[in-house]
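One structure is given below, encoded as structure tokens.
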Amino acid sequence: MSSSISYPLFKVYLEKETALSGLADVFDSGFINEGIQVNELKEQLKGVFKDDNIILMNSCTSALTVAMKLAGLKPGKNIVTSPMTCIASNTPIINLGGEIKWADVSPETGMVTAETISKEIDENTVAVLYVNWGGVPANLTDIQSVAKQHGVKVIQDAAHAFMAEFDGKPINHFADFTCYSFQAIKHFTCGDGGALVCQSDRDYHAAQKLKWFGYDREKAKDEKGNWKAQQADADIQEGDVGFKFNMNNVSAAIGLAQLPKMPEIVAQHRDNAATYDKAFAQSSKIRPINRVQGSNPSFWVYTCILDNSVDRDKFIDKLASEGIHSGQVHVPNDDYSCFNKYRKPLPGVRKFSEHQISIPCGWWITRQDAEKIAHTVLTLLGEK
Ligand SMILES: Cc1ncc(COP(=O)(O)O)c(C=O)c1O
């Protein structure tokens with residue numbers, strides 16, 4: 001038994017030498033605001049997301065905030081959303097003065113469904129928000145059609161799901177707004193950062209403004225693509241007041257160093273998930289969360305449901321004593337006092353959050369490691 005962790009749950013891939021050389025270019029240029037590197041990262045991400053309407057921001061939380069504002073969230077309006085997520089998915093609703101309507105999740109996925117969402121939509125709902133838990137896509141097409149029936153927007157929190165696909169396409173093709181995170185423990189990192197992908201050109205242009213106080217600085221670039229000082233005659237219309245959410249060249253240079261390696265990184269996440277799928281196929285104590293046919297998850301982590309007979313928290317401790325870091329990743333948001341006024345019975349959330357566990361499956365885990373981890377899991381569950 002070892003007391004130190006050999007297999008962490010999170011670890012970002014960092015091309016140190018490439019990143020340092022990219023950062024040196026930024027520092028030498030004397031321009032660290034949004035410019036050449038941010039433009040270059042955006043160009044490269046167009047190939048990944050197969051979409052041109054990308055706005056790079058300083059975080060996924062910022063992207064979510066802009067998406068919610070564009071969806072029409074304001075006092076008196078609400079968003080139907082999942083409590084089973086990072087607090088970042090839901091705090092922007094409060095910050096924009098809107099209201100929350102919790103939709104329950106499936107205890108087999110941790111994700112909202114078309115059915116749980118449609119029960120909550122009312123005349124004040126402007127959007128539905130879902131999270132692709134652990135990089136596993138929710139039922140994107142069903143959710144999209146329910147939202148369409150009710151005439152509300154779809155906001156996809158894809159913070160866990162960089163490079164995940166659905167029906168052979170990047171997941172951002174299935175929502176009005178998709179928000180990615182490039183934060184410190186995600187598949188792809190800029191240190192901190194995020195992207196908003198908008199399906200409509202109108203939203204894209206409006207989001208460009210909202211990311212910089214309400215003023216379109218895209219129109220004020222020098223010949224190299226760096227932002228120039230704000231034009232003296234630029235106006236910000238009433239109702240268009242925005243935020244200070246742009247990405248800068250330092251963050252983008254860190255991202256540019258990792259991006260070419262991402263297909264290989266995500267392939268390793270998928271390979272490890274396949275090893276776990278095979279190892280747990282016959283188990284009666286542990287099963288992976290359900291996946292929708294046609295989805296190609298990117299497995300930020302590998303989330304499973306433990307049988308009722310297993311004490312999840314003690315199991316996490318046992319794995320830690322074997323050097324394997326596991327965890328719940330997020331706790332239900334309705335547990336936080338700031339959301340007290342929205343509290344109601346959510347049996348799916350309670351069940352999922354009591355029995356779910358995520359184990360490491362990233363690029364730092366080799367296939368042999370994954371086999372060893374699976375063997376340890378099954379041994380501790382008394383199935384080996
Ligand atoms: C589901 C989810 N949404 C949103 C966020 C916020 O991302 P960021 O830190 O880039 O704002 C996170 C971050 O961990 C997350 O896990």
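Identifiers in this document derive from the order of the structure tokens: chains are assigned A, B, ..., residues are numbered from 1 separately in each chain, and ligands are numbered from 1 in order of occurrence.
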
With the cut-off set at 8 Å and counting only C-alpha atoms and all ligand atoms, tabulate each residue of chain A with an atom at most that distance from an atom of ligand 1, showing the nearest atom pair and its distance in Å to one decimal, ordered by chain and increasing number, as JSON lines.
{"residue": "A:Asn58", "atom": "CA", "partner": "ligand 1", "partner_atom_place_in_ligand_line": "10 (O)", "distance": 7.4}
{"residue": "A:Ser59", "atom": "CA", "partner": "ligand 1", "partner_atom_place_in_ligand_line": "10 (O)", "distance": 3.8}
{"residue": "A:Cys60", "atom": "CA", "partner": "ligand 1", "partner_atom_place_in_ligand_line": "10 (O)", "distance": 3.7}
{"residue": "A:Thr61", "atom": "CA", "partner": "ligand 1", "partner_atom_place_in_ligand_line": "11 (O)", "distance": 3.7}
{"residue": "A:Ser62", "atom": "CA", "partner": "ligand 1", "partner_atom_place_in_ligand_line": "11 (O)", "distance": 6.4}
{"residue": "A:Ala63", "atom": "CA", "partner": "ligand 1", "partner_atom_place_in_ligand_line": "11 (O)", "distance": 7.9}
{"residue": "A:Leu64", "atom": "CA", "partner": "ligand 1", "partner_atom_place_in_ligand_line": "4 (C)", "distance": 7.8}
{"residue": "A:Thr85", "atom": "CA", "partner": "ligand 1", "partner_atom_place_in_ligand_line": "1 (C)", "distance": 5.1}
{"residue": "A:Cys86", "atom": "CA", "partner": "ligand 1", "partner_atom_place_in_ligand_line": "2 (C)", "distance": 4.7}
{"residue": "A:Ile87", "atom": "CA", "partner": "ligand 1", "partner_atom_place_in_ligand_line": "3 (N)", "distance": 7.3}
{"residue": "A:Ala88", "atom": "CA", "partner": "ligand 1", "partner_atom_place_in_ligand_line": "4 (C)", "distance": 4.7}
{"residue": "A:Ser89", "atom": "CA", "partner": "ligand 1", "partner_atom_place_in_ligand_line": "3 (N)", "distance": 4.9}
{"residue": "A:Val131", "atom": "CA", "partner": "ligand 1", "partner_atom_place_in_ligand_line": "1 (C)", "distance": 5.9}
{"residue": "A:Asn132", "atom": "CA", "partner": "ligand 1", "partner_atom_place_in_ligand_line": "1 (C)", "distance": 7.6}
{"residue": "A:Trp133", "atom": "CA", "partner": "ligand 1", "partner_atom_place_in_ligand_line": "1 (C)", "distance": 7.2}
{"residue": "A:Asp157", "atom": "CA", "partner": "ligand 1", "partner_atom_place_in_ligand_line": "3 (N)", "distance": 5.7}
{"residue": "A:Ala158", "atom": "CA", "partner": "ligand 1", "partner_atom_place_in_ligand_line": "1 (C)", "distance": 6.9}
{"residue": "A:Ala159", "atom": "CA", "partner": "ligand 1", "partner_atom_place_in_ligand_line": "2 (C)", "distance": 4.7}
{"residue": "A:His160", "atom": "CA", "partner": "ligand 1", "partner_atom_place_in_ligand_line": "16 (O)", "distance": 6.0}
{"residue": "A:Cys179", "atom": "CA", "partner": "ligand 1", "partner_atom_place_in_ligand_line": "4 (C)", "distance": 7.9}
{"residue": "A:Tyr180", "atom": "CA", "partner": "ligand 1", "partner_atom_place_in_ligand_line": "10 (O)", "distance": 7.2}
{"residue": "A:Ser181", "atom": "CA", "partner": "ligand 1", "partner_atom_place_in_ligand_line": "10 (O)", "distance": 4.0}
{"residue": "A:Phe182", "atom": "CA", "partner": "ligand 1", "partner_atom_place_in_ligand_line": "10 (O)", "distance": 5.6}
{"residue": "A:Gln183", "atom": "CA", "partner": "ligand 1", "partner_atom_place_in_ligand_line": "10 (O)", "distance": 4.6}
{"residue": "A:Ala184", "atom": "CA", "partner": "ligand 1", "partner_atom_place_in_ligand_line": "9 (O)", "distance": 7.6}
{"residue": "A:Ile185", "atom": "CA", "partner": "ligand 1", "partner_atom_place_in_ligand_line": "14 (O)", "distance": 7.6}
{"residue": "A:Lys186", "atom": "CA", "partner": "ligand 1", "partner_atom_place_in_ligand_line": "14 (O)", "distance": 7.6}
{"residue": "A:Asp192", "atom": "CA", "partner": "ligand 1", "partner_atom_place_in_ligand_line": "10 (O)", "distance": 6.2}
{"residue": "A:Gly193", "atom": "CA", "partner": "ligand 1", "partner_atom_place_in_ligand_line": "10 (O)", "distance": 5.6}
{"residue": "A:Gly194", "atom": "CA", "partner": "ligand 1", "partner_atom_place_in_ligand_line": "10 (O)", "distance": 5.4}
{"residue": "A:His330", "atom": "CA", "partner": "ligand 1", "partner_atom_place_in_ligand_line": "16 (O)", "distance": 7.6}

Could you dump the residues just selected with C-alpha atoms as a PDB file, in the first residue's frame?
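Heads up, here's the output in part38.pdb:
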ATOM      1  CA  ASN A  58     -10.748  34.695 -20.329  1.00  0.00           C
ATOM      2  CA  SER A  59     -12.886  31.792 -19.031  1.00  0.00           C
ATOM      3  CA  CYS A  60     -15.826  29.507 -19.656  1.00  0.00           C
ATOM      4  CA  THR A  61     -17.682  31.357 -16.886  1.00  0.00           C
ATOM      5  CA  SER A  62     -17.379  34.526 -18.995  1.00  0.00           C
ATOM      6  CA  ALA A  63     -18.569  32.664 -22.097  1.00  0.00           C
ATOM      7  CA  LEU A  64     -21.598  31.377 -20.148  1.00  0.00           C
ATOM      8  CA  THR A  85     -22.304  20.793 -12.261  1.00  0.00           C
ATOM      9  CA  CYS A  86     -19.599  23.250 -11.340  1.00  0.00           C
ATOM     10  CA  ILE A  87     -20.933  26.325  -9.545  1.00  0.00           C
ATOM     11  CA  ALA A  88     -19.670  28.300 -12.584  1.00  0.00           C
ATOM     12  CA  SER A  89     -22.581  27.033 -14.705  1.00  0.00           C
ATOM     13  CA  VAL A 131     -23.480  20.084 -19.082  1.00  0.00           C
ATOM     14  CA  ASN A 132     -21.752  17.233 -20.911  1.00  0.00           C
ATOM     15  CA  TRP A 133     -20.630  15.473 -17.754  1.00  0.00           C
ATOM     16  CA  ASP A 157     -21.695  23.972 -20.993  1.00  0.00           C
ATOM     17  CA  ALA A 158     -18.933  22.034 -22.720  1.00  0.00           C
ATOM     18  CA  ALA A 159     -16.289  22.809 -20.091  1.00  0.00           C
ATOM     19  CA  HIS A 160     -15.534  19.083 -19.698  1.00  0.00           C
ATOM     20  CA  CYS A 179     -19.068  27.342 -23.859  1.00  0.00           C
ATOM     21  CA  TYR A 180     -15.672  25.652 -23.613  1.00  0.00           C
ATOM     22  CA  SER A 181     -13.187  25.960 -20.745  1.00  0.00           C
ATOM     23  CA  PHE A 182      -9.422  26.187 -21.188  1.00  0.00           C
ATOM     24  CA  GLN A 183      -8.878  26.426 -17.444  1.00  0.00           C
ATOM     25  CA  ALA A 184      -5.999  24.927 -15.457  1.00  0.00           C
ATOM     26  CA  ILE A 185      -7.265  21.333 -15.180  1.00  0.00           C
ATOM     27  CA  LYS A 186      -9.079  20.846 -18.472  1.00  0.00           C
ATOM     28  CA  ASP A 192      -7.192  30.211 -17.847  1.00  0.00           C
ATOM     29  CA  GLY A 193      -9.401  30.822 -20.826  1.00  0.00           C
ATOM     30  CA  GLY A 194     -12.521  29.816 -22.642  1.00  0.00           C
ATOM     31  CA  HIS A 330     -18.679  18.494  -8.515  1.00  0.00           C
TER      32      HIS A 330
END

If we count only C-alpha atoms, what is near His187 of chain A at a cut-off of 8 Å, once residues fewer than 5 positions away on the same chain are taken out, given as an mmCIF file with C-alpha atoms, in the first residue's frame?
data_model
loop_
_atom_site.group_PDB
_atom_site.id
_atom_site.type_symbol
_atom_site.label_atom_id
_atom_site.label_comp_id
_atom_site.auth_asym_id
_atom_site.auth_seq_id
_atom_site.Cartn_x
_atom_site.Cartn_y
_atom_site.Cartn_z
ATOM 1 C CA VAL A 12 -2.808 19.105 -17.988
ATOM 2 C CA TYR A 13 -0.508 18.499 -20.886
ATOM 3 C CA HIS A 160 -15.534 19.083 -19.698
ATOM 4 C CA PHE A 162 -13.225 19.578 -25.538
ATOM 5 C CA PHE A 182 -9.422 26.187 -21.188
ATOM 6 C CA MET A 262 -4.665 17.566 -28.581
ATOM 7 C CA ILE A 265 -4.122 13.513 -26.017
ATOM 8 C CA VAL A 266 -7.863 13.002 -26.463
ATOM 9 C CA TRP A 300 -12.056 14.332 -19.328
#

Can you work out which one of A:Val128, A:Ala164, A:Ala281, A:Ile36 has the shortest atom-to-atom distance to Leu378 of chain A, counting only C-alpha atoms?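 Smallest distance to Leu378 of chain A is found for A:Ala281.
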
Check: What residues in segment 130-191 of chain A get the DSSP label strand (DSSP E)? Please answer as a list in words.
Finding: Tyr130, Val131, Lys153, Val154, Ile155, Gln156, Asp157, Glu165, Phe166, Lys169, Pro170, Phe177, Thr178, Cys179, Tyr180 and Ser181 of chain A

Those selected residues, please, written with N, CA and C atoms and delivered as a PDB file, in the first residue's frame.
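Writing the result to result.pdb gives the following:
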ATOM      1  N   TYR A 130     -27.317  22.780 -20.328  1.00  0.00           N
ATOM      2  CA  TYR A 130     -26.908  21.448 -19.882  1.00  0.00           C
ATOM      3  C   TYR A 130     -25.397  21.339 -19.920  1.00  0.00           C
ATOM      4  N   VAL A 131     -24.920  20.338 -19.193  1.00  0.00           N
ATOM      5  CA  VAL A 131     -23.480  20.084 -19.082  1.00  0.00           C
ATOM      6  C   VAL A 131     -23.212  18.695 -19.658  1.00  0.00           C
ATOM      7  N   LYS A 153     -33.696  29.146 -26.185  1.00  0.00           N
ATOM      8  CA  LYS A 153     -32.330  28.899 -26.672  1.00  0.00           C
ATOM      9  C   LYS A 153     -31.677  27.740 -25.924  1.00  0.00           C
ATOM     10  N   VAL A 154     -30.651  27.177 -26.537  1.00  0.00           N
ATOM     11  CA  VAL A 154     -29.886  26.097 -25.912  1.00  0.00           C
ATOM     12  C   VAL A 154     -28.476  26.597 -25.610  1.00  0.00           C
ATOM     13  N   ILE A 155     -28.100  26.499 -24.331  1.00  0.00           N
ATOM     14  CA  ILE A 155     -26.728  26.847 -23.924  1.00  0.00           C
ATOM     15  C   ILE A 155     -26.060  25.565 -23.464  1.00  0.00           C
ATOM     16  N   GLN A 156     -24.964  25.245 -24.097  1.00  0.00           N
ATOM     17  CA  GLN A 156     -24.256  24.013 -23.788  1.00  0.00           C
ATOM     18  C   GLN A 156     -22.995  24.348 -22.989  1.00  0.00           C
ATOM     19  N   ASP A 157     -22.918  23.811 -21.775  1.00  0.00           N
ATOM     20  CA  ASP A 157     -21.695  23.972 -20.993  1.00  0.00           C
ATOM     21  C   ASP A 157     -20.786  22.798 -21.348  1.00  0.00           C
ATOM     22  N   GLU A 165     -17.701  14.635 -29.650  1.00  0.00           N
ATOM     23  CA  GLU A 165     -18.488  14.711 -30.890  1.00  0.00           C
ATOM     24  C   GLU A 165     -19.847  14.056 -30.704  1.00  0.00           C
ATOM     25  N   PHE A 166     -20.746  14.426 -31.595  1.00  0.00           N
ATOM     26  CA  PHE A 166     -22.084  13.832 -31.593  1.00  0.00           C
ATOM     27  C   PHE A 166     -22.475  13.669 -33.057  1.00  0.00           C
ATOM     28  N   LYS A 169     -20.072  14.995 -35.540  1.00  0.00           N
ATOM     29  CA  LYS A 169     -19.729  16.438 -35.611  1.00  0.00           C
ATOM     30  C   LYS A 169     -19.301  16.946 -34.241  1.00  0.00           C
ATOM     31  N   PRO A 170     -18.493  18.021 -34.199  1.00  0.00           N
ATOM     32  CA  PRO A 170     -18.177  18.609 -32.882  1.00  0.00           C
ATOM     33  C   PRO A 170     -19.477  19.010 -32.185  1.00  0.00           C
ATOM     34  N   PHE A 177     -25.502  28.214 -28.234  1.00  0.00           N
ATOM     35  CA  PHE A 177     -24.261  28.722 -27.624  1.00  0.00           C
ATOM     36  C   PHE A 177     -23.526  27.541 -26.989  1.00  0.00           C
ATOM     37  N   THR A 178     -22.252  27.397 -27.302  1.00  0.00           N
ATOM     38  CA  THR A 178     -21.449  26.362 -26.641  1.00  0.00           C
ATOM     39  C   THR A 178     -20.277  27.050 -25.946  1.00  0.00           C
ATOM     40  N   CYS A 179     -20.094  26.677 -24.667  1.00  0.00           N
ATOM     41  CA  CYS A 179     -19.068  27.342 -23.859  1.00  0.00           C
ATOM     42  C   CYS A 179     -18.006  26.320 -23.453  1.00  0.00           C
ATOM     43  N   TYR A 180     -16.793  26.541 -23.932  1.00  0.00           N
ATOM     44  CA  TYR A 180     -15.672  25.652 -23.613  1.00  0.00           C
ATOM     45  C   TYR A 180     -14.786  26.296 -22.545  1.00  0.00           C
ATOM     46  N   SER A 181     -14.134  25.448 -21.750  1.00  0.00           N
ATOM     47  CA  SER A 181     -13.187  25.960 -20.745  1.00  0.00           C
ATOM     48  C   SER A 181     -11.770  25.533 -21.085  1.00  0.00           C
TER      49      SER A 181
END

Show me, as number ranges by chain, the residues that have an atom within 8 Å of Asn226 of chain A when counting only C-alpha atoms, minus same-chain residues fewer than 4 positions from it. A: 31, 33-36, 221-222

DSSP alpha helix (DSSP H) residues within segment 138-267 of chain A, listed as JSON, numbers by chain = {"A": [140, 141, 142, 143, 144, 145, 146, 147, 148, 149, 150, 201, 202, 203, 204, 205, 206, 207, 208, 209, 210, 249, 250, 251, 252, 253, 254, 255, 256, 257, 258, 262, 263, 264, 265, 266, 267]}

File dump, residues just selected, N, CA and C atoms, as a compact mmCIF listing (two decimals), in the first residue's frame:
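Contents of the output file part-v7.txt:
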# COMPACT_ATOMS: atom_id res chain seq x y z
N LEU A 140 -28.00 15.42 -27.10
CA LEU A 140 -28.02 16.76 -27.69
C LEU A 140 -29.20 16.98 -28.63
N THR A 141 -29.53 15.98 -29.44
CA THR A 141 -30.59 16.20 -30.43
C THR A 141 -31.96 16.28 -29.75
N ASP A 142 -32.19 15.43 -28.74
CA ASP A 142 -33.48 15.48 -28.03
C ASP A 142 -33.65 16.81 -27.31
N ILE A 143 -32.58 17.27 -26.66
CA ILE A 143 -32.67 18.54 -25.93
C ILE A 143 -32.91 19.69 -26.92
N GLN A 144 -32.20 19.62 -28.04
CA GLN A 144 -32.36 20.67 -29.05
C GLN A 144 -33.81 20.72 -29.55
N SER A 145 -34.42 19.54 -29.76
CA SER A 145 -35.77 19.60 -30.31
C SER A 145 -36.78 20.07 -29.27
N VAL A 146 -36.58 19.70 -27.99
CA VAL A 146 -37.49 20.21 -26.94
C VAL A 146 -37.38 21.74 -26.85
N ALA A 147 -36.16 22.24 -26.90
CA ALA A 147 -35.95 23.70 -26.81
C ALA A 147 -36.62 24.40 -27.99
N LYS A 148 -36.49 23.80 -29.15
CA LYS A 148 -37.08 24.39 -30.36
C LYS A 148 -38.61 24.43 -30.24
N GLN A 149 -39.17 23.31 -29.76
CA GLN A 149 -40.64 23.26 -29.59
C GLN A 149 -41.13 24.41 -28.72
N HIS A 150 -40.34 24.72 -27.67
CA HIS A 150 -40.76 25.76 -26.72
C HIS A 150 -40.24 27.14 -27.10
N ASP A 201 -24.80 34.19 -36.76
CA ASP A 201 -23.84 35.27 -37.00
C ASP A 201 -24.21 36.49 -36.14
N ARG A 202 -25.52 36.68 -35.95
CA ARG A 202 -25.98 37.83 -35.17
C ARG A 202 -25.45 37.74 -33.73
N ASP A 203 -25.62 36.55 -33.12
CA ASP A 203 -25.13 36.38 -31.75
C ASP A 203 -23.61 36.53 -31.70
N TYR A 204 -22.95 36.01 -32.74
CA TYR A 204 -21.48 36.10 -32.78
C TYR A 204 -21.02 37.57 -32.75
N HIS A 205 -21.64 38.38 -33.59
CA HIS A 205 -21.23 39.80 -33.63
C HIS A 205 -21.57 40.52 -32.32
N ALA A 206 -22.72 40.16 -31.76
CA ALA A 206 -23.11 40.80 -30.49
C ALA A 206 -22.15 40.36 -29.37
N ALA A 207 -21.75 39.09 -29.39
CA ALA A 207 -20.84 38.59 -28.36
C ALA A 207 -19.45 39.24 -28.47
N GLN A 208 -19.03 39.52 -29.71
CA GLN A 208 -17.75 40.22 -29.90
C GLN A 208 -17.73 41.52 -29.13
N LYS A 209 -18.86 42.20 -29.16
CA LYS A 209 -18.95 43.48 -28.46
C LYS A 209 -19.03 43.27 -26.95
N LEU A 210 -19.87 42.31 -26.55
CA LEU A 210 -20.08 42.11 -25.10
C LEU A 210 -18.79 41.73 -24.39
N ASN A 249 -2.81 37.66 -25.22
CA ASN A 249 -1.80 36.91 -25.98
C ASN A 249 -0.99 35.93 -25.14
N VAL A 250 -0.84 36.22 -23.84
CA VAL A 250 -0.07 35.31 -22.97
C VAL A 250 -0.82 33.97 -22.86
N SER A 251 -2.12 34.06 -22.56
CA SER A 251 -2.93 32.83 -22.45
C SER A 251 -2.95 32.09 -23.78
N ALA A 252 -3.14 32.85 -24.86
CA ALA A 252 -3.23 32.21 -26.18
C ALA A 252 -1.93 31.51 -26.55
N ALA A 253 -0.77 32.10 -26.17
CA ALA A 253 0.52 31.48 -26.50
C ALA A 253 0.65 30.13 -25.78
N ILE A 254 0.14 30.06 -24.55
CA ILE A 254 0.17 28.78 -23.81
C ILE A 254 -0.70 27.75 -24.56
N GLY A 255 -1.88 28.19 -24.98
CA GLY A 255 -2.78 27.29 -25.71
C GLY A 255 -2.19 26.84 -27.04
N LEU A 256 -1.58 27.77 -27.77
CA LEU A 256 -1.02 27.42 -29.08
C LEU A 256 0.05 26.34 -28.98
N ALA A 257 0.75 26.32 -27.83
CA ALA A 257 1.79 25.30 -27.66
C ALA A 257 1.18 23.91 -27.50
N GLN A 258 -0.03 23.82 -26.92
CA GLN A 258 -0.62 22.49 -26.67
C GLN A 258 -1.48 21.99 -27.82
N MET A 262 -3.38 17.95 -29.18
CA MET A 262 -4.67 17.57 -28.58
C MET A 262 -5.32 16.33 -29.19
N PRO A 263 -5.26 16.12 -30.52
CA PRO A 263 -5.89 14.89 -31.04
C PRO A 263 -5.28 13.64 -30.40
N GLU A 264 -3.96 13.65 -30.22
CA GLU A 264 -3.27 12.52 -29.60
C GLU A 264 -3.67 12.36 -28.12
N ILE A 265 -3.76 13.51 -27.45
CA ILE A 265 -4.12 13.51 -26.02
C ILE A 265 -5.52 12.93 -25.84
N VAL A 266 -6.47 13.46 -26.61
CA VAL A 266 -7.86 13.00 -26.46
C VAL A 266 -7.98 11.53 -26.87
N ALA A 267 -7.20 11.11 -27.87
CA ALA A 267 -7.22 9.68 -28.27
C ALA A 267 -6.80 8.80 -27.10

From the options A:Val349, A:Val241, A:Leu70, A:Val126, which residue's atoms come nearest to Asp335 of chain A, counting only C-alpha atoms?
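Nearest to Asp335 of chain A: A:Val349.
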
Need the shell around segment 358-363 of chain A: protein/DNA/RNA residues with any atom at most 6 Å away, counting only C-alpha atoms. Skip same-chain ones fewer than 5 positions apart. Format as a list in words?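 In the requested form, the answer reads Leu9, Ile265, Gln268, His269, Asn272, Val301, Tyr302, Thr303, Ser326 and Gly327 of chain A.
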
Please produce a file of those selected residues containing C-alpha atoms, as a short mmCIF file (atom, residue, chain, number, x, y, z; two decimals), in the first residue's frame.
data_model
loop_
_atom_site.label_atom_id
_atom_site.label_comp_id
_atom_site.auth_asym_id
_atom_site.auth_seq_id
_atom_site.Cartn_x
_atom_site.Cartn_y
_atom_site.Cartn_z
CA LEU A 9 -7.40 12.58 -11.48
CA ILE A 265 -4.12 13.51 -26.02
CA GLN A 268 -5.40 8.48 -25.16
CA HIS A 269 -8.34 9.54 -22.94
CA ASN A 272 -8.22 4.40 -21.48
CA VAL A 301 -12.57 11.86 -16.48
CA TYR A 302 -14.19 8.41 -16.49
CA THR A 303 -17.36 8.59 -14.38
CA SER A 326 -10.69 9.61 -7.61
CA GLY A 327 -13.54 11.89 -6.63
#

(Q) From the options A:Glu383, A:Asp271, A:Asp307, A:Asp167, which residue's atoms come nearest to Gln293 of chain A, counting only C-alpha atoms? (A)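 Among the listed residues, A:Asp167 lies closest to Gln293 of chain A.
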
Take atom CA of Val329 of chain A and atom CA of Glu99 of chain A and report the distance between them in Å, one decimal.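 That distance, rounded to one decimal, is 25.0 Å.
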
Notebook entry, point to check: Interatomic distance between atom CA of Phe352 of chain A and atom CA of Pro107 of chain A?
Noted result: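 Answer for the atom CA of Phe352 of chain A to atom CA of Pro107 of chain A separation: 4.5 Å.
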